[in-house]
Structure formats: C-alpha cells, structure tokens
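Printed here is run_29.txt (compact mmCIF, C-alpha atoms and all ligand atoms):
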```
# COMPACT_ATOMS: atom_id res chain seq x y z
CA MET A 1 -75.65 -60.66 -123.45
CA ILE A 2 -73.53 -57.65 -124.47
CA VAL A 3 -71.00 -58.49 -121.72
CA PHE A 4 -70.83 -62.09 -122.95
CA LEU A 5 -70.24 -61.01 -126.56
CA LEU A 6 -67.64 -58.39 -125.61
CA LEU A 7 -65.70 -60.81 -123.41
CA THR A 8 -65.83 -63.49 -126.10
CA LEU A 9 -64.65 -61.15 -128.85
CA LEU A 10 -61.87 -59.69 -126.68
CA THR A 11 -60.61 -62.81 -124.88
CA GLN A 12 -62.31 -65.83 -126.51
CA VAL A 13 -62.83 -67.64 -123.15
CA GLY A 14 -64.03 -64.68 -121.03
CA GLY A 15 -67.65 -64.96 -122.18
CA PHE A 16 -67.78 -68.66 -121.28
CA ILE A 17 -66.32 -67.98 -117.82
CA TYR A 18 -68.83 -65.14 -117.38
CA LEU A 19 -71.72 -67.53 -118.08
CA ILE A 20 -70.39 -70.08 -115.57
CA CYS A 21 -70.01 -67.39 -112.91
CA LEU A 22 -73.54 -66.09 -113.58
CA SER A 23 -74.91 -69.38 -112.23
CA PHE A 24 -73.35 -68.49 -108.85
CA TYR A 25 -74.77 -64.97 -108.85
CA ASN A 26 -77.74 -65.63 -106.56
CA HIS A 27 -75.50 -67.36 -104.01
CA MET A 28 -73.22 -64.36 -103.59
CA SER A 29 -73.85 -61.78 -100.86
CA SER A 30 -73.04 -58.76 -103.04
CA ARG A 31 -72.30 -57.72 -106.60
CA GLY A 32 -68.75 -56.81 -105.56
CA ASN A 33 -68.12 -60.34 -104.25
CA TRP A 34 -69.45 -61.79 -107.49
CA ILE A 35 -67.15 -59.59 -109.59
CA GLY A 36 -64.26 -60.69 -107.33
CA LEU A 37 -65.18 -64.34 -107.92
CA PHE A 38 -65.32 -63.77 -111.68
CA LEU A 39 -61.89 -62.12 -111.70
CA VAL A 40 -60.29 -64.90 -109.63
CA ILE A 41 -61.73 -67.62 -111.88
CA TYR A 42 -60.82 -65.67 -115.04
CA LEU A 43 -57.21 -65.20 -113.92
CA ALA A 44 -56.88 -68.86 -112.86
CA CYS A 45 -58.22 -69.98 -116.24
CA THR A 46 -56.06 -67.53 -118.22
CA PHE A 47 -52.76 -68.31 -116.52
CA ILE A 48 -53.21 -71.98 -115.48
CA VAL A 49 -56.05 -73.80 -117.27
CA VAL A 50 -55.89 -72.29 -120.78
CA PRO A 51 -52.10 -72.82 -121.24
CA MET A 52 -52.62 -76.48 -120.24
CA LEU A 53 -55.53 -77.00 -122.68
CA ALA A 54 -54.17 -75.01 -125.65
CA PRO A 55 -51.78 -77.76 -126.85
CA LEU A 56 -54.83 -80.01 -127.39
CA PHE A 57 -55.90 -77.43 -129.99
CA GLY A 58 -52.42 -77.16 -131.55
CA ARG A 59 -51.42 -73.89 -129.83
CA VAL A 60 -48.77 -72.89 -127.33
CA ALA A 61 -48.33 -69.66 -125.39
CA LEU A 62 -45.54 -67.21 -126.17
CA PRO A 63 -43.41 -66.13 -123.16
CA ILE A 64 -45.30 -63.72 -120.91
CA GLN A 65 -42.34 -62.28 -118.96
CA LYS A 66 -41.52 -58.71 -119.95
CA SER A 67 -37.83 -59.29 -119.28
CA GLY A 68 -37.11 -62.01 -121.85
CA ASP A 69 -35.47 -61.97 -125.29
CA LEU A 70 -38.95 -62.52 -126.75
CA ARG A 71 -41.47 -60.51 -124.75
CA PRO A 72 -44.99 -59.02 -124.99
CA HIS A 73 -45.36 -55.29 -125.53
CA THR A 74 -48.01 -55.29 -122.81
CA TRP A 75 -49.29 -57.82 -120.29
CA ILE A 76 -52.79 -56.97 -121.50
CA THR A 77 -52.08 -59.12 -124.58
CA CYS A 78 -51.51 -62.14 -122.30
CA LEU A 79 -54.34 -61.19 -119.94
CA LEU A 80 -56.70 -61.33 -122.92
CA ASN A 81 -55.33 -64.70 -124.20
CA ARG A 82 -54.04 -63.11 -127.41
CA HIS A 83 -50.52 -64.62 -127.28
CA TYR A 84 -51.00 -68.16 -128.67
CA VAL A 85 -49.32 -69.62 -131.77
CA THR A 86 -48.77 -73.04 -133.31
CA PRO A 87 -45.70 -74.96 -132.04
CA ALA A 88 -44.17 -74.57 -135.53
CA LEU A 89 -44.48 -70.78 -135.40
CA ARG A 90 -43.08 -70.73 -131.86
CA THR A 91 -40.04 -72.72 -133.09
CA SER A 92 -39.56 -70.37 -136.05
CA VAL A 93 -39.78 -67.28 -133.85
CA ASN A 94 -37.20 -68.79 -131.48
CA ARG A 95 -34.84 -69.36 -134.42
CA ILE A 96 -35.40 -65.78 -135.66
CA GLN A 97 -34.71 -64.45 -132.17
CA GLU A 98 -31.45 -66.43 -131.90
CA ALA A 99 -30.23 -65.23 -135.32
CA PHE A 100 -31.17 -61.62 -134.52
CA GLU A 101 -29.49 -61.87 -131.10
CA ASN A 102 -26.31 -63.21 -132.72
CA GLU A 103 -26.09 -60.19 -135.00
CA ILE A 104 -27.46 -57.52 -132.66
CA PRO A 105 -27.19 -58.55 -128.97
CA ASP A 106 -29.37 -57.14 -126.21
CA VAL A 107 -32.30 -56.05 -128.37
CA PRO A 108 -35.41 -58.03 -127.41
CA ILE A 109 -38.05 -59.03 -129.93
CA VAL A 110 -41.34 -57.53 -128.79
CA TYR A 111 -44.55 -59.21 -129.88
CA LEU A 112 -48.02 -57.68 -130.20
CA ASP A 113 -51.16 -59.68 -131.06
CA ALA A 114 -50.82 -63.36 -131.99
CA ASN A 115 -53.88 -65.68 -131.93
CA PHE A 116 -56.45 -67.04 -129.49
CA PRO A 117 -55.78 -70.44 -127.87
CA PHE A 118 -58.69 -72.46 -129.28
CA TRP A 119 -60.31 -73.29 -132.63
CA ASP A 120 -59.23 -72.36 -136.14
CA GLY A 121 -61.42 -69.75 -137.80
CA PHE A 122 -62.00 -67.68 -134.62
CA PRO A 123 -60.60 -64.26 -135.62
CA LEU A 124 -58.68 -62.09 -133.22
CA LEU A 125 -60.25 -58.70 -133.88
CA PRO A 126 -59.31 -56.37 -135.45
CA HIS A 127 -56.91 -58.79 -137.22
CA LEU A 128 -59.25 -60.93 -139.30
CA SER A 129 -56.46 -63.25 -140.50
CA HIS A 130 -55.11 -64.09 -137.03
CA ASP A 131 -57.44 -67.08 -136.70
CA ASP A 132 -55.31 -70.21 -137.04
CA GLY A 133 -52.24 -69.84 -134.83
CA ARG A 134 -49.96 -69.18 -137.82
CA LYS A 135 -49.88 -65.37 -137.62
CA LEU A 136 -47.95 -63.04 -135.36
CA ASP A 137 -47.38 -59.28 -135.16
CA LEU A 138 -44.02 -57.94 -133.98
CA ALA A 139 -43.17 -54.42 -132.90
CA PHE A 140 -40.53 -52.39 -134.70
CA VAL A 141 -37.30 -51.68 -132.84
CA TYR A 142 -37.45 -48.24 -131.21
CA LYS A 143 -34.77 -45.91 -129.93
CA LYS A 144 -34.50 -42.55 -128.30
CA LYS A 145 -34.39 -39.84 -130.95
CA GLY A 146 -30.89 -38.66 -131.87
CA THR A 147 -29.22 -41.46 -129.88
CA ASP A 148 -28.50 -45.18 -130.19
CA LEU A 149 -30.36 -45.95 -126.95
CA ILE A 150 -32.83 -48.81 -127.61
CA ILE A 151 -36.27 -48.64 -125.96
CA PRO A 152 -36.82 -52.32 -125.05
CA SER A 153 -40.55 -52.02 -124.33
CA GLY A 154 -41.45 -51.38 -127.97
CA ALA A 155 -43.80 -48.86 -129.54
CA ALA A 156 -44.82 -45.58 -128.00
CA THR A 157 -48.49 -46.50 -127.68
CA LEU A 158 -50.42 -48.49 -125.11
CA THR A 159 -51.37 -51.30 -127.46
CA GLY A 160 -48.14 -51.28 -129.49
CA TYR A 161 -50.15 -50.38 -132.62
CA GLY A 162 -50.71 -47.01 -134.25
CA ASP A 163 -47.28 -45.42 -133.77
CA CYS A 164 -46.81 -45.16 -137.51
CA ALA A 165 -43.58 -44.41 -139.37
CA LEU A 166 -45.19 -42.16 -141.97
CA PRO A 167 -44.10 -41.92 -145.63
CA ARG A 168 -41.80 -39.10 -146.61
CA ALA A 169 -42.74 -36.73 -149.42
CA SER A 170 -40.74 -38.78 -151.94
CA GLU A 171 -42.20 -42.15 -150.86
CA VAL A 172 -45.34 -44.07 -151.81
CA ASP A 173 -48.23 -43.03 -149.56
CA GLN A 174 -50.21 -46.28 -149.50
CA THR A 175 -52.51 -45.04 -146.75
CA ALA A 176 -53.65 -42.09 -148.88
CA LYS A 177 -54.33 -44.52 -151.75
CA CYS A 178 -56.41 -46.88 -149.57
CA LEU A 179 -58.33 -44.05 -147.89
CA GLY A 180 -58.91 -42.57 -151.34
CA ALA A 181 -60.41 -45.90 -152.39
CA GLY A 182 -62.94 -45.62 -149.55
CA ARG A 183 -61.20 -48.00 -147.15
CA TRP A 184 -61.72 -45.92 -143.98
CA PHE A 185 -60.84 -48.94 -141.78
CA TYR A 186 -57.27 -48.97 -143.14
CA ASP A 187 -56.24 -46.13 -140.83
CA ILE A 188 -58.14 -47.26 -137.70
CA THR A 189 -55.12 -48.30 -135.60
CA ARG A 190 -53.52 -44.86 -135.92
CA ARG A 191 -56.78 -43.13 -135.06
CA LEU A 192 -57.27 -45.28 -131.95
CA ALA A 193 -53.65 -45.09 -130.76
CA PHE A 194 -53.00 -43.69 -127.30
CA ARG A 195 -49.42 -42.53 -127.18
CA SER A 196 -47.76 -43.50 -123.90
CA ARG A 197 -44.54 -41.59 -124.55
CA GLY A 198 -43.56 -38.34 -126.19
CA GLU A 199 -42.13 -37.70 -129.63
CA SER A 200 -38.63 -38.54 -128.35
CA VAL A 201 -39.08 -42.24 -129.26
CA VAL A 202 -38.54 -43.11 -132.93
CA VAL A 203 -38.27 -46.25 -135.06
CA ASP A 204 -34.75 -47.63 -135.42
CA GLY A 205 -34.93 -48.29 -139.17
CA TRP A 206 -31.63 -50.11 -139.48
CA ARG A 207 -32.23 -52.60 -136.65
CA THR A 208 -35.86 -53.12 -137.69
CA GLY A 209 -34.69 -53.79 -141.25
CA ARG A 210 -32.20 -56.35 -139.96
CA LEU A 211 -35.00 -57.97 -137.95
CA VAL A 212 -37.12 -58.24 -141.12
CA LYS A 213 -34.13 -59.80 -142.93
CA HIS A 214 -33.84 -62.48 -140.23
CA ILE A 215 -37.59 -63.12 -140.38
CA THR A 216 -37.52 -63.64 -144.16
CA ALA A 217 -34.40 -65.83 -143.89
CA GLU A 218 -36.31 -68.32 -141.70
CA THR A 219 -37.39 -71.08 -144.09
CA LYS A 220 -40.80 -71.74 -142.50
CA ILE A 221 -41.92 -68.11 -142.84
CA GLY A 222 -44.27 -67.73 -145.80
CA LYS A 223 -45.18 -64.01 -145.85
CA VAL A 224 -44.28 -60.78 -144.12
CA PHE A 225 -46.54 -57.75 -144.39
CA LEU A 226 -45.00 -54.30 -144.27
CA GLU A 227 -46.06 -50.97 -145.73
CA PRO A 228 -44.31 -50.43 -149.13
CA HIS A 229 -42.57 -47.15 -148.16
CA LEU A 230 -40.85 -48.84 -145.18
CA ALA A 231 -39.93 -52.00 -147.11
CA ASN A 232 -38.23 -49.78 -149.71
CA ARG A 233 -36.66 -47.43 -147.16
CA TRP A 234 -35.15 -50.32 -145.17
CA GLY A 235 -34.01 -52.27 -148.24
CA VAL A 236 -36.16 -55.35 -147.57
CA ALA A 237 -38.74 -55.06 -150.38
CA GLY A 238 -39.59 -58.08 -152.51
CA GLY A 239 -39.49 -61.81 -151.85
CA LYS A 240 -41.58 -62.69 -148.80
CA VAL A 241 -42.20 -59.04 -147.90
CA ARG A 242 -45.56 -58.01 -149.35
CA PHE A 243 -48.17 -55.29 -149.21
CA GLN A 244 -51.19 -56.75 -147.38
CA GLY A 245 -53.86 -54.93 -149.43
CA CYS A 246 -56.30 -52.15 -148.54
CA HIS A 247 -58.81 -54.57 -146.96
CA ALA A 248 -56.55 -54.89 -143.87
CA VAL A 249 -55.11 -52.21 -141.57
CA ARG A 250 -51.93 -50.22 -142.25
CA HIS A 251 -48.60 -51.92 -141.58
CA ASP A 252 -46.25 -49.00 -140.96
CA ASP A 253 -46.49 -49.50 -137.21
CA HIS A 254 -45.71 -53.24 -136.92
CA ILE A 255 -44.44 -56.33 -138.78
CA HIS A 256 -46.92 -59.09 -139.59
CA LEU A 257 -45.46 -62.53 -140.20
CA GLN A 258 -47.00 -65.89 -140.94
CA ILE A 259 -45.67 -69.37 -141.48
CA LYS A 260 -46.40 -71.47 -144.54
ZN ZN A 301 -50.95 -59.36 -138.18
```
Now, as a test, write the supplied structure out as structure tokens.
Ligand SMILES: [Zn+2]
Amino acid sequence: MIVFLLLTLLTQVGGFIYLICLSFYNHMSSRGNWIGLFLVIYLACTFIVVPMLAPLFGRVALPIQKSGDLRPHTWITCLLNRHYVTPALRTSVNRIQEAFENEIPDVPIVYLDANFPFWDGFPLLPHLSHDDGRKLDLAFVYKKKGTDLIIPSGAATLTGYGDCALPRASEVDQTAKCLGAGRWFYDITRRLAFRSRGESVVVDGWRTGRLVKHITAETKIGKVFLEPHLANRWGVAGGKVRFQGCHAVRHDDHIHLQIK
C-alpha cells in the first residue's frame, strides 16, 4: 500500500501500473524478474502510452530532449511524468522561447516541474497549485562565476530547486519573515537541495531578468511568482510579477509562471 501511494504521489500513474503488475506476481519466477517487468511496463507507459492519452485530458508533454531550446533540467522530471502542460501554455512557452532567443541567442530555457498528465485537481507535490496544466516552473539562467560562460543545464542542484539567490543585507528578506511567522515549509526546497556543482556556478541576473520580461510580455501569461528581493534587484517588480505568499515555498531559486 505504501509503495502504491508513493508511486501515485510521485508519478501519478506509477501506482496504477504497480497494481496491474502485482496481478502477475505469482506467475513470475523471481522477485527480480517481476521488478524487471514492472520497469519495462512503466517505461513503455511513460514514454509511449501516457503521451498518447494526455491530449484526451487537455495536456501535452514538453520536449524531453536535453539538447533543445526548451529542455528539462533533469530527465527525472520526464521519467516521473511531471512535464505536462495545457496546449495553450505550451504555445505561450514556445512564443516566450522565440522572443528570448531573438534577444539572447544560444541560451536554452530550462524547465523544472510542470503538471501531471491526467485530471485537474491532482497536485504535483510539493507544488500544491500545479494541478491543472496551467502552471510551470523555469530555472534561472546560470553562468560560471566571474565569466560570461552560460551553464546550459540550469541550477546547481539535482532537482533544479533549492539553489537560492539569497537577499543581500540591504534587501527584503522574505524568507526570514515567513519563517518568523511559523511557516517552516517555506524553506523546505533549500533544506532538501543536493548541490551537484560547486560554488563556481551563479545566477546570471541580467539574462534571468530579461527572461522574466519576455514571460510577462506574453499576453496569455497571468502571473509570475518571484521572491521580492530578486524582482527588485532585476528590475522586473510589479505588474504580473508577484510574491506568492508564505503558504507556498520560496521563489528565489526558480520562476513560477501560469497562464490566465
Ligand atoms: Zn510553480
């Protein structure tokens, strides 16, 4: 039961596939063979069946190749079926990518968590609002410290979350305010981050600010969530760029966008 719940919460369809495979358990010669069968069926469903069925539920997959102009930070996002959006959001993101590419060539847009492929109202933990295909998280643009060398694979953590651009002494420290108000969950992504690179990778504030400008210029985009100190630092505060509130997680490690 715990395996079913975990797979469902993490991948949406994994628990269902697990239950189907359990019915074959007694026919398999060993536990290893059964696990192999589960993995084969899970991969076939994830990369063939689910992308074919998702449009029936008003969702399409984002590109899964790590070499494209719009690419996942990690294949794990796609392996867990967390890269689905509505066709309208996919079109908007394509337009944002083209506008960004026109101004700043050769810098890919790296996406993090999007939504699950089926059913509105099924949250993609830990993002409670990513439950209708209309939400998407993008990575900041990163570069090698002291240079102009872009790091195309995104944030310096395994998940893409938690590599926070912290407030300076003169800036608003929203995290301290939320933690002070008892919202311990606000800081969870930074606490759980596993850094995959050293301190030599830093946020490229100018290019990330330009990316936010192109996101807000897209007419179908309704809101963008970004931590106040970064919105002010990068000159993008106001309009569609909002503070998400202390009930969510901190947004100084990624950009959250959603269509109207
Ligand atoms: Zn988000």
Please determine, counting all atoms listed in the file, which residue among A:Ala156, A:Val236, A:Leu211, A:Leu124 has the shortest atom-to-atom distance to ligand ZN 301 (chain A).
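So, comparing all the options, the nearest one is A:Leu124.
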Report as a compact mmCIF listing (two decimals) with C-alpha atoms, keeping the file's coordinate frame which protein, DNA and RNA residues come within 9 Å of ligand ZN 301 (chain A), using all atoms listed in the file.
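Produced file pocket21.txt, reproduced below:
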```txt
# COMPACT_ATOMS: atom_id res chain seq x y z
CA LEU A 112 -48.02 -57.68 -130.20
CA ASP A 113 -51.16 -59.68 -131.06
CA ALA A 114 -50.82 -63.36 -131.99
CA HIS A 127 -56.91 -58.79 -137.22
CA LEU A 128 -59.25 -60.93 -139.30
CA SER A 129 -56.46 -63.25 -140.50
CA HIS A 130 -55.11 -64.09 -137.03
CA LYS A 135 -49.88 -65.37 -137.62
CA LEU A 136 -47.95 -63.04 -135.36
CA ASP A 137 -47.38 -59.28 -135.16
CA LEU A 138 -44.02 -57.94 -133.98
CA PHE A 225 -46.54 -57.75 -144.39
CA VAL A 249 -55.11 -52.21 -141.57
CA HIS A 251 -48.60 -51.92 -141.58
CA HIS A 254 -45.71 -53.24 -136.92
CA ILE A 255 -44.44 -56.33 -138.78
CA HIS A 256 -46.92 -59.09 -139.59
CA LEU A 257 -45.46 -62.53 -140.20
CA GLN A 258 -47.00 -65.89 -140.94
```
Set the distance at 9 Å and use only C-alpha atoms: which residues neighbour range 46-49 of chain A once local chain neighbours fewer than 6 positions away are removed? I'd like the list as a VMD selection string.
chain A and resid 13 to 14 78 to 81
Contacts of Val110 in chain A within 9 Å, only C-alpha atoms, excl. fewer than 3 positions in-chain, as a list in words
Lys66, Asp69, Leu70, Arg71, Pro72, His73, Asp137, Leu138, Ala139, Phe140, Val141, Pro152, Ser153 and Gly154 of chain A
Counting only C-alpha atoms, what are the residues of range 191-259 of chain A within 7 Å of range 82-96 of chain A, and for each of them which pair of atoms is the nearest and at what distance in Å, to one decimal? Sort the table by chain and rising number, as JSON lines.
```
{"residue": "A:His214", "atom": "CA", "partner": "A:Ile96", "partner_atom": "CA", "distance": 5.8}
{"residue": "A:Ile215", "atom": "CA", "partner": "A:Ile96", "partner_atom": "CA", "distance": 5.8}
{"residue": "A:Glu218", "atom": "CA", "partner": "A:Ile96", "partner_atom": "CA", "distance": 6.6}
{"residue": "A:Lys220", "atom": "CA", "partner": "A:Ser92", "partner_atom": "CA", "distance": 6.7}
{"residue": "A:Ile259", "atom": "CA", "partner": "A:Leu89", "partner_atom": "CA", "distance": 6.4}
```
Close residues, Asp120 in chain A itself excluded, 8 Å, only C-alpha atoms, min 5 positions apart in chain, as a list in words:
Asp131, Asp132 and Gly133 of chain A
In terms of all atoms listed in the file, the residue from A:Leu179, A:Ala99, A:Met28, A:Ile17 at minimal distance from Ala44 in chain A is A:Ile17
By how many Å are CA of Leu166 in chain A and CA of Thr147 in chain A apart?
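The value is 20.0 Å.
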Which is closer to Asp163 in chain A than all the others in A:Lys223, A:Arg191, A:Lys177, A:Arg183, using all atoms listed in the file?
A:Arg191
Can you pull out every residue within 8 Å of Lys144 in chain A, counting only C-alpha atoms, but drop anything in the same chain fewer than 5 positions away, and send it as a count of residues only?
6
Between A:Thr219, A:Ser30, A:Gly121, A:Tyr111, which residue has the minimum interatomic distance to Gln65 in chain A, considering all atoms listed in the file?
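Once distances to Gln65 in chain A are computed over all atoms listed in the file, the minimum belongs to A:Tyr111.
Put simply, CA of Gly58 in chain A is 8.2 Å away from CA of Phe118 in chain A.
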